[in-house]
Structure formats: C-alpha cells, structure tokens
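Here is the structure we will look at, set down as structure tokens.
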Amino acid sequence: MPRENRKRGKKHKKKAEEDVNTHHEEYPSQHEDQAAEAGPSWIVSASDPAIDQNAPFGFVDAEVKAYFRTVDVQIREWQETKPEVDVDEDVDPNEDRRLFFVAALQEMSGKEKQLATDPDCSTILERMIHSMDDFVRRVFMDRLTGSLEQLSKHRFASHVCQTLFTAAADTIARESRGIFPPTPESQREEGELRTFTRLALDACEELVPSLSSLIMDPFASHVVRALLILLAPTAFDAGEDHVGAAKSEFAVRSKKSAAYKARQGSMKSVFAQEEEQSKVKTTKRAPKEFKKAALTFVDALREQLGENEVRSLAANQVASPVLQMLLELEAAFDQADSPGSLMDRVLVGLITAIHENADVEVPESDYLMTLLRDPTASHLLETLVRQSPDRVFSILWQTYFTGKLPRLAVHPVANFVVAKAVERLNAEQLATTVQELQSVAVKIIKNSRIGVFQALLHRASTLQAEAHNINNLILSAFELDEEQEKSLIIPCILRLKSPQDYRHAITSSSKAKEEEPAGELRHKRRKTEDPLEPKTQGALLLQAMLRLSAPHNDVVLDSIQALSLDELTVMAHHPTSSRVLDAVLDSPTVPFKAKRKFVMAFISHYHILVDDRIGSRVGDRCWASADPYLKEKIARSLIPHEHALAGSFYGKFFARNLSLHVLQRDPERWKSMQVTAKSQTPAAGPAAAHTSTKPSHINGAEKTPTKADKSKRRAQPRDEIDALFDATLGKKVKKAELVGSAGGESESKDKAQTESKSKSNERAGGDKDREEEKKERKRKNREESAADRDLIDVLGAIRSAPKEGKAPKRKRAY
C-alpha cells in the first residue's frame, strides 16, 4: 500500500465485513432495476452486454499482439526490398522467409477471428494474405466461414474479408485449370478441406439472406462489392472509360480506406518466385457455378426489397455503388431487358411499358430528373445510360435529353451524365446534339464542362461523322478563327481561354514578375495561381482532336507548326502540355508527313529539348518515331554538343541511344545498328516511353546493389575495348595472357573443337557434310586471323604509347 494512503490506528475488521455484506445486498437490486427497465420478459436484447462489439470474438493477448508487430515489421521490410537471388540453383532463396512465415501462421492458428477484429492485427493479416499459398488461403477462409456476416459488418474485419476475396481470384483461377496444392501430412488427419471455389459459394449462401441489410452497412457493402467482382470479373472489367481505368479497381474500397491502405506501403508476396508469377497477367475466368451464384444476389434484392425501396437506394452513398454493380450484372447476363428487373424498377417501369407497347410515349418522370442533378444518384444514372438496351436508351435520350441539352451540358452534375450518353449516340442523334449545343458553347468553356466536348470528339472518331462540325463548335466556343489565329489555337485551348483572355493573362503575368521583390526568398513568396498554367482538361481536348481522321486533325497540326521553336520547347518541358506532343507521334490518324515535320522542327535544338526531365522523354519519342535517314540527321546535329549532353543529368540518357562515337568512327556500322535496333524494338506505347528513360536514382535514394545486380554487372562488358576482347578471345581469357592467346592458345582450342566436330560429322554424314565443314573451318580461321592481327596491332600501339606524367626509368648501374 502506498505510504500516503496509510492511516494510524487499528484496522477495523468488523466494519470492512459489514461493508462487504451491504454491497452484496445492494447488487441484486441493481439487476432488478435493469430488468424492470428492459420491459416484458419475452423481449430478448439484440446483443449480449457481456460481449464487447468492438471485439466480438475476444481480445488479442498483449504478447501475441507484440509478436505480430514484429512479424509486420519483418514482412514490410521484405515487401519493400527485392529478394536476393543466389546463383546456386540448389539453394532455395525463400527458405528463411518460408520458415519465418510458417511460424507466424502457426501462431495465428485458432486466433483468426480475434486477429481480424483487432485494429492493429487486421492490417497485418491483410499483409500476410498476399504471401499465403493456395492451401493456407483455403484454411484461413474455412476458419472465417460461419461468421462472415458478423465479420463483414465489423470495422476492421471487413477490410480483411475484402483483401481475402481480392487475393482469392488467383487461387480460383488456378483451381479452374485443375492446379491444386498438395495437402500437408499434418493436415490430412483433420478431414477434407473444401476448395476455394466451394468456399466462395458457401460464403454467398451465408450472406445472401441478409443482403438488404449488408448493402446498407458502411463496412459490409464493400465486402459485397469485392465478392461480386470475384464471382463475375468479366462483367466489371468491360466497364472501362477512355482513360483506361477499370471500374473494379475503385468499387471495392472507399477513398478514405484506399488512402489508408496506400500509407501502409506495398502489399505483395514476400517470396521471389510468387512475385514474378503475379506480374504475369492472365485472363481470369470464373467457374460456371459463379454465374448462378452472382445472379442469386440480383434475385435476392428483387425479393427482399420493393420497387420504391430499390429506388431509394439510388441516393444512398453506401448502397448506391452496390446497386450499380447489380445493374451491371443484370446487363452482362442479359436479364435487364425483362419486366420486373432491377433496371425496370429504377427506370420507373419503362421496360415493362415497352414490352406491352413498343410505340408507347413514356411520360417524363420526376424521379429520373432528380437523378440527373443529384451528386450521388447521377452515378447510378450513368450506369443506366451505359448498360440499358438500345431501344430503352433511345427512349431515355428522346425523353430526358433532347431539347434540354443547353441546360444539362452546363450543369455541374448533369454534364457527366450527358457525356456518358453521348458515347452511345448514332450519327443522326450526334448531328442534332451538335446543333443544339451551339447556343451554349461559350458557356461550356467558361464553366469548364469540357467532358461533353471530349465525348463528342470520341464519338465522332468512332462513327467517322460530324467531325468537321464538332471542330467548328469547339473553335466557336473559344472564339477562335482557324485562318487568322492559327498560332493561338494550341495556347488558348490548352489554357481554356479565349484569345482576348489569353493576351490579358500574358500581360498580367509579366507585370506580376516585374513587381516581385528581388530580395525575397522563393519559399516565402505567396503562391498564386499562374494564369498561363496549362490545364489537364485542355490537354485532353487537344489529344481527342488529334485522334480525329486525317483532314479534321489538321486544325491542331497546323497550329503546332505555326508555333515558334521556343514555344514548342516550353510545351515539351511541361508535364501537362507535353502530352499533346506525345499524341502527335502516337496517334495512328496523324499522317507520317506531319510527324516527320514535327521531328525535324527540333533539329539543331535537341540538346536543349532533352536537357529536362519531361523534355528528354519527348526527345526519346521523336527518336523512336524517326526513320534511319532522319535519325542520322538528328545525330549529326548533336555531334558538336556531345560533351554538353554527356554532362547533362537527363541528356546523357538520350545520348546513350544515339551512339555518337560509333557514328563518328564508322557511319556504316552505325546505320546497320539503327536498322537492327528498329526491327528488334517493338512500337513503344505511351506508358512505356514515359518510364523508359527514368533514372533509378531520380528521387535521391540510390539503389543498393544486390547479389543479382552484381552478377549481372560482371556479366556485362564494361566498355568497347572489353567487348572487343570478349568477342575475339572469350570471356575466360586473362588479361596477362592476351598476347599469347592471340597467337596460339585460342587458335589451338578452336581448331581442336572444329576437328572434333568434323570427326563426329564424318561418322554421321557423308561427303557433302565434310566439304561444308571444311569450308566453315577455313572461314573461321580467316576471321580469327584477321581479328587476331587487329588485336595485336591495338596491343602494340598501347604498349608503345608513353605513360602519362612519368619519365622512362633509368637502368640501375651495378
């Protein structure tokens, strides 16, 4: 007992006993009061007060939690660093990691649910799932089965379920090909373990009865989405936009959850072989049973919710994404175009009316007009517009869009729905849309609703129609004249400004630079938005215009040619505007003559272009798209700037591709090198070119060399002299024996090899084979003697050359 709490005098034992007795007498009265407040005896409380809802399966022991923290630190270190691969094939590079991982799995056995509901250990389980093999994943899923509904609604365990369903796609893909892992001997006595395909079907049976409550739960709805993607991956991979991002990547986790997971670092397998296999993309086909299981979710929602209840889900931030996925499932499995479907309920009976009378005029619904303007429900309407049958879409467009486009195109929410709807128009509807938008074209630019113009350009390039009228619409929106203001088309569209606003921005920016105090530090200046900063929307609009057919993309190409060399260089050095120049070289609709003019525009200026992080990548694209004659012209223009390129941080990577030293010594060899390089190198895509020349130490942290890197470095020749020596004498010849080997040993070895080959051929073949072998041997001897003569001359010149800074040694006198 602490000294300050002690009291003088004797201890009163009787009083203490009386206090204990009175405490036991008062305790039942408290229970009686609680029972009286609870109401009648037939009402059962929803949750047991003795069970903590934050840890429904119990708390994790402190020692176990401390152990898994060390596991997390070790696995995170392995995931962030590449495993060292030993040269010895008999040694397993993953042996230490596998033993460590098995020990962690043994400690986890029997505590899966407790660890999944723990705020710290749930993230560790997610990290471990990526390194589990198929058998361990099946065991882990089997341990969670039976409590999936409770785990899905838990704040932390729901993320574990999401990660497990996402990683299970690879396991199920292997099982569908008949690849099953062997069962360990220790697990054979415990009974037969279900396959992951069977476990996923059982999980569906467990979650389907409570689907209506799960999709409304902020945690369980994400688990349902992950399970739907696992059951029908092809139904959601098809829904890609023009940027190329699949919807399934964004459907599983919320923005907050995705940001938290990004802070946890990379989550991948810690084993070298599994990591290489995961990089190989394979088409994931779901088993046949999964189609029926996915449709049970659609049928369950139809049965559990009425028409008005389904429509109320549209504006719910939690349930609306699940409803969108179920609508896509219906459309993918050809069940949307039927009366009573989920799509029919959301469209207020439109499909039923069409089935009853094909020529019926459907009245405008206030509910669907509300979806157009609601920030959450508009995503659902985008799905309806994209997935609805053709005749349903025609009625939707005629009823809710035609005649209302001037108001909808400038609306902050409805313009996204209009852009999605434009992607499904036919040629006649597209022409009507262009005419209808003429009155609000300028307003669209001022409000930055560029998505409608981009959708018009994409649809025009697909249909090969109305491209000229759409170009005129865009130029009128920017108040540009194609003939008189060619040089302003690119700058104005790139900055989403009219010519008058663009000139005013130039004068205001120049005044702001003059008024800046010279002595003020740069980091202490107030950051103001630069009015001349290129906009991403403007760059995307120009790229879409460049993808139009050949006569119609001349508007942008002529404007590029009208720009000065300095303006082109500034564009090439900016990360946003450089994408427009990339599209000139990448677009298949741009004529080769225009690409050639663009590449030639930078000749005698390439050393300035490539002396920049972004500009060097544009220079690489120009080099890759040039023909051999144009490449020689570019290379010869850079010979006077060879030393400047070698000293440039970014220009040196561009100079390596040119091989200027070879061009100066042997032009014919250089030409043959460029021809072979072009035939061997595939056409570089947009992503490949932007990452090909990125230096590994660009962020300041140098890469630590591993054993594999060192072995690769030893295998590569250090320079041209080493390459010449290796090609002539072989890699195993020592430098001290060069002269002798040039004259005798290498020749004798090669002769012995050719003689043994000729003997074997004589026994196997006839006279014809002998003659061919003799010719081949004579040709090899002539080549070797010529190479040896050249090598001896080089070595003699090196020996005869005086050493730098040293006088010849005098002979010592005895």
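Numbering starts fresh at 1 for the residues of each chain in the structure tokens, the chains themselves are lettered A, B, ... in the order given, and ligands are numbered from 1 as they appear.
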
Report task. From a DSSP calculation on the backbone, collect every residue of region 348-399 of chain A in alpha helix (DSSP H) and output the set as a PyMOL selection string. Result -> chain A and resi 350-356+366-373+377-387+390-399

Same residues, C-alpha atoms, output as an mmCIF file, in the first residue's frame:
```
data_model
loop_
_atom_site.group_PDB
_atom_site.id
_atom_site.type_symbol
_atom_site.label_atom_id
_atom_site.label_comp_id
_atom_site.auth_asym_id
_atom_site.auth_seq_id
_atom_site.Cartn_x
_atom_site.Cartn_y
_atom_site.Cartn_z
ATOM 1 C CA LEU A 350 -40.062 1.913 -68.562
ATOM 2 C CA ILE A 351 -39.036 -1.580 -69.715
ATOM 3 C CA THR A 352 -42.440 -3.034 -68.790
ATOM 4 C CA ALA A 353 -44.175 -0.291 -70.789
ATOM 5 C CA ILE A 354 -42.011 -1.011 -73.854
ATOM 6 C CA HIS A 355 -42.772 -4.736 -73.665
ATOM 7 C CA GLU A 356 -46.501 -4.024 -73.515
ATOM 8 C CA ASP A 366 -39.640 13.453 -61.770
ATOM 9 C CA TYR A 367 -37.584 10.701 -60.114
ATOM 10 C CA LEU A 368 -35.223 10.314 -63.095
ATOM 11 C CA MET A 369 -34.932 14.087 -63.485
ATOM 12 C CA THR A 370 -33.819 14.170 -59.843
ATOM 13 C CA LEU A 371 -31.174 11.523 -60.565
ATOM 14 C CA LEU A 372 -29.719 13.804 -63.238
ATOM 15 C CA ARG A 373 -28.875 16.512 -60.719
ATOM 16 C CA ALA A 377 -27.567 9.264 -57.779
ATOM 17 C CA SER A 378 -26.109 10.621 -61.030
ATOM 18 C CA HIS A 379 -23.545 7.785 -60.953
ATOM 19 C CA LEU A 380 -26.424 5.322 -60.990
ATOM 20 C CA LEU A 381 -27.983 7.098 -63.971
ATOM 21 C CA GLU A 382 -24.632 6.883 -65.798
ATOM 22 C CA THR A 383 -24.750 3.114 -65.304
ATOM 23 C CA LEU A 384 -28.315 3.016 -66.636
ATOM 24 C CA VAL A 385 -27.368 5.046 -69.696
ATOM 25 C CA ARG A 386 -24.347 2.848 -70.390
ATOM 26 C CA GLN A 387 -25.943 -0.563 -69.760
ATOM 27 C CA ASP A 390 -30.695 0.065 -77.361
ATOM 28 C CA ARG A 391 -34.426 0.716 -77.597
ATOM 29 C CA VAL A 392 -34.556 1.717 -73.911
ATOM 30 C CA PHE A 393 -31.678 4.145 -74.430
ATOM 31 C CA SER A 394 -33.379 5.704 -77.457
ATOM 32 C CA ILE A 395 -36.469 6.481 -75.376
ATOM 33 C CA LEU A 396 -34.309 7.775 -72.496
ATOM 34 C CA TRP A 397 -32.431 10.117 -74.843
ATOM 35 C CA GLN A 398 -35.599 11.363 -76.506
ATOM 36 C CA THR A 399 -37.455 11.891 -73.221
#
```

Per residue of region 323-420 of chain A within 10 Å of region 435-456 of chain A, note the shortest atom pair and the distance in Å to one decimal, counting only C-alpha atoms, and order the rows by chain and increasing residue number, as JSON lines.
```
{"residue": "A:Thr402", "atom": "CA", "partner": "A:Glu436", "partner_atom": "CA", "distance": 8.6}
{"residue": "A:Gly403", "atom": "CA", "partner": "A:Glu436", "partner_atom": "CA", "distance": 7.6}
{"residue": "A:Lys404", "atom": "CA", "partner": "A:Glu436", "partner_atom": "CA", "distance": 8.9}
{"residue": "A:Leu405", "atom": "CA", "partner": "A:Leu437", "partner_atom": "CA", "distance": 6.9}
{"residue": "A:Pro406", "atom": "CA", "partner": "A:Leu437", "partner_atom": "CA", "distance": 5.9}
{"residue": "A:Arg407", "atom": "CA", "partner": "A:Val440", "partner_atom": "CA", "distance": 8.5}
{"residue": "A:Ala409", "atom": "CA", "partner": "A:Val452", "partner_atom": "CA", "distance": 6.9}
{"residue": "A:Val410", "atom": "CA", "partner": "A:Ile444", "partner_atom": "CA", "distance": 5.6}
{"residue": "A:His411", "atom": "CA", "partner": "A:Arg449", "partner_atom": "CA", "distance": 8.2}
{"residue": "A:Pro412", "atom": "CA", "partner": "A:Arg449", "partner_atom": "CA", "distance": 7.7}
{"residue": "A:Val413", "atom": "CA", "partner": "A:Arg449", "partner_atom": "CA", "distance": 9.8}
{"residue": "A:Asn415", "atom": "CA", "partner": "A:Val452", "partner_atom": "CA", "distance": 6.7}
{"residue": "A:Phe416", "atom": "CA", "partner": "A:Gly451", "partner_atom": "CA", "distance": 6.9}
{"residue": "A:Val417", "atom": "CA", "partner": "A:Val452", "partner_atom": "CA", "distance": 9.2}
{"residue": "A:Val418", "atom": "CA", "partner": "A:Val452", "partner_atom": "CA", "distance": 6.8}
{"residue": "A:Ala419", "atom": "CA", "partner": "A:Val452", "partner_atom": "CA", "distance": 4.8}
{"residue": "A:Lys420", "atom": "CA", "partner": "A:Ala455", "partner_atom": "CA", "distance": 7.4}
```

Let me see the file: selected residues, C-alpha atoms, as a short mmCIF file (atom, residue, chain, number, x, y, z; two decimals), in the first residue's frame.
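Resulting contents of out24.cif:
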```cif
data_model
loop_
_atom_site.label_atom_id
_atom_site.label_comp_id
_atom_site.auth_asym_id
_atom_site.auth_seq_id
_atom_site.Cartn_x
_atom_site.Cartn_y
_atom_site.Cartn_z
CA THR A 402 -33.36 16.04 -76.32
CA GLY A 403 -34.35 19.71 -76.02
CA LYS A 404 -32.76 20.02 -72.56
CA LEU A 405 -29.07 19.78 -73.55
CA PRO A 406 -28.30 23.53 -73.25
CA ARG A 407 -29.24 23.38 -69.56
CA ALA A 409 -24.47 20.44 -70.54
CA VAL A 410 -23.54 23.35 -68.26
CA HIS A 411 -24.92 21.79 -65.06
CA PRO A 412 -22.16 20.87 -62.55
CA VAL A 413 -23.54 17.31 -62.13
CA ASN A 415 -22.89 17.23 -67.65
CA PHE A 416 -21.21 13.96 -66.64
CA VAL A 417 -24.39 12.01 -67.46
CA VAL A 418 -24.66 13.85 -70.80
CA ALA A 419 -21.05 12.89 -71.63
CA LYS A 420 -21.81 9.20 -70.94
#
```

List every residue of region 133-247 of chain A that has an atom at most 10 Å from any atom of region 301-322 of chain A, and for each one report the closest atom pair and its distance in Å to one decimal, counting only C-alpha atoms, with rows sorted by chain and then by increasing residue number, as JSON lines.
```
{"residue": "A:Val208", "atom": "CA", "partner": "A:Leu301", "partner_atom": "CA", "distance": 8.8}
{"residue": "A:Pro209", "atom": "CA", "partner": "A:Gln304", "partner_atom": "CA", "distance": 8.8}
{"residue": "A:Ser210", "atom": "CA", "partner": "A:Gln304", "partner_atom": "CA", "distance": 9.0}
{"residue": "A:Leu211", "atom": "CA", "partner": "A:Leu301", "partner_atom": "CA", "distance": 7.0}
{"residue": "A:Ser212", "atom": "CA", "partner": "A:Leu301", "partner_atom": "CA", "distance": 6.6}
{"residue": "A:Ser213", "atom": "CA", "partner": "A:Ala319", "partner_atom": "CA", "distance": 9.7}
{"residue": "A:Leu214", "atom": "CA", "partner": "A:Ala319", "partner_atom": "CA", "distance": 8.8}
{"residue": "A:Ile215", "atom": "CA", "partner": "A:Ala319", "partner_atom": "CA", "distance": 5.2}
{"residue": "A:Met216", "atom": "CA", "partner": "A:Ala319", "partner_atom": "CA", "distance": 5.3}
{"residue": "A:Asp217", "atom": "CA", "partner": "A:Val318", "partner_atom": "CA", "distance": 7.0}
{"residue": "A:Pro218", "atom": "CA", "partner": "A:Val318", "partner_atom": "CA", "distance": 5.8}
{"residue": "A:Phe219", "atom": "CA", "partner": "A:Val318", "partner_atom": "CA", "distance": 8.8}
{"residue": "A:Ala220", "atom": "CA", "partner": "A:Val318", "partner_atom": "CA", "distance": 9.5}
{"residue": "A:Ser221", "atom": "CA", "partner": "A:Val318", "partner_atom": "CA", "distance": 6.8}
{"residue": "A:His222", "atom": "CA", "partner": "A:Val322", "partner_atom": "CA", "distance": 8.2}
{"residue": "A:Val224", "atom": "CA", "partner": "A:Val322", "partner_atom": "CA", "distance": 7.5}
{"residue": "A:Arg225", "atom": "CA", "partner": "A:Val322", "partner_atom": "CA", "distance": 6.2}
{"residue": "A:Leu228", "atom": "CA", "partner": "A:Val322", "partner_atom": "CA", "distance": 9.1}
```

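Non-sequential neighbours of Ser388 (chain A) (distance at most 8 Å, separation of 5 or more positions within a chain, only C-alpha atoms) are Ala331, Ala336, Asp337, Met343 and Phe393 of chain A.
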
Store the residues picked out above in a file with N, CA and C atoms, as a compact mmCIF listing (two decimals), in the first residue's frame.
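Printed below is selection-v2.txt as written:
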```
# COMPACT_ATOMS: atom_id res chain seq x y z
N ALA A 331 -27.22 -6.62 -66.76
CA ALA A 331 -26.98 -6.35 -68.18
C ALA A 331 -25.98 -7.33 -68.78
N ALA A 336 -31.53 -7.74 -67.95
CA ALA A 336 -32.04 -6.40 -67.68
C ALA A 336 -33.28 -6.09 -68.50
N ASP A 337 -33.33 -6.61 -69.73
CA ASP A 337 -34.44 -6.30 -70.63
C ASP A 337 -35.61 -7.25 -70.38
N MET A 343 -33.35 -2.97 -63.26
CA MET A 343 -33.29 -1.82 -64.14
C MET A 343 -34.68 -1.27 -64.43
N PHE A 393 -32.51 2.94 -74.40
CA PHE A 393 -31.68 4.15 -74.43
C PHE A 393 -32.26 5.19 -75.39
```

Query - Spatial neighbours of region 537-545 of chain A, max dist 7 Å, only C-alpha atoms, sep filter under 5 positions, as JSON, numbers by chain - result: {"A": [450, 454, 457, 458, 493, 494, 495, 496, 553, 576, 577, 579, 580, 583]}

Report task. Mind giving me the straight-line distance from CA of Gly110 (chain A) to CA of Lys65 (chain A) in Å, one decimal? Result -> 14.3 Å

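The spacing separating CA of Ile172 (chain A) from CA of Lys288 (chain A) amounts to 11.8 Å.
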
Query raised in the report: Which residue out of A:Met108, A:Ala168, A:Ala550, A:Ala460 has the minimum interatomic distance to Asp133 (chain A) when only C-alpha atoms are used?
Result: A:Ala168

**Report entry** Residue neighbourhood Arg76 (chain A), 10 Å, only C-alpha atoms, exclusion window fewer than 5 positions, as JSON, numbers by chain
**Finding:** {"A": [70, 71, 81, 124, 127, 128, 264, 265, 266, 267, 268, 270]}

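The space between CA of Gly647 (chain A) and CA of Ser659 (chain A) spans 15.3 Å.
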
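Of the listed residues (A:Leu342, A:Glu642, A:Ala477, A:Ala226), A:Glu642 comes nearest to Arg656 (chain A); the distances count only C-alpha atoms.
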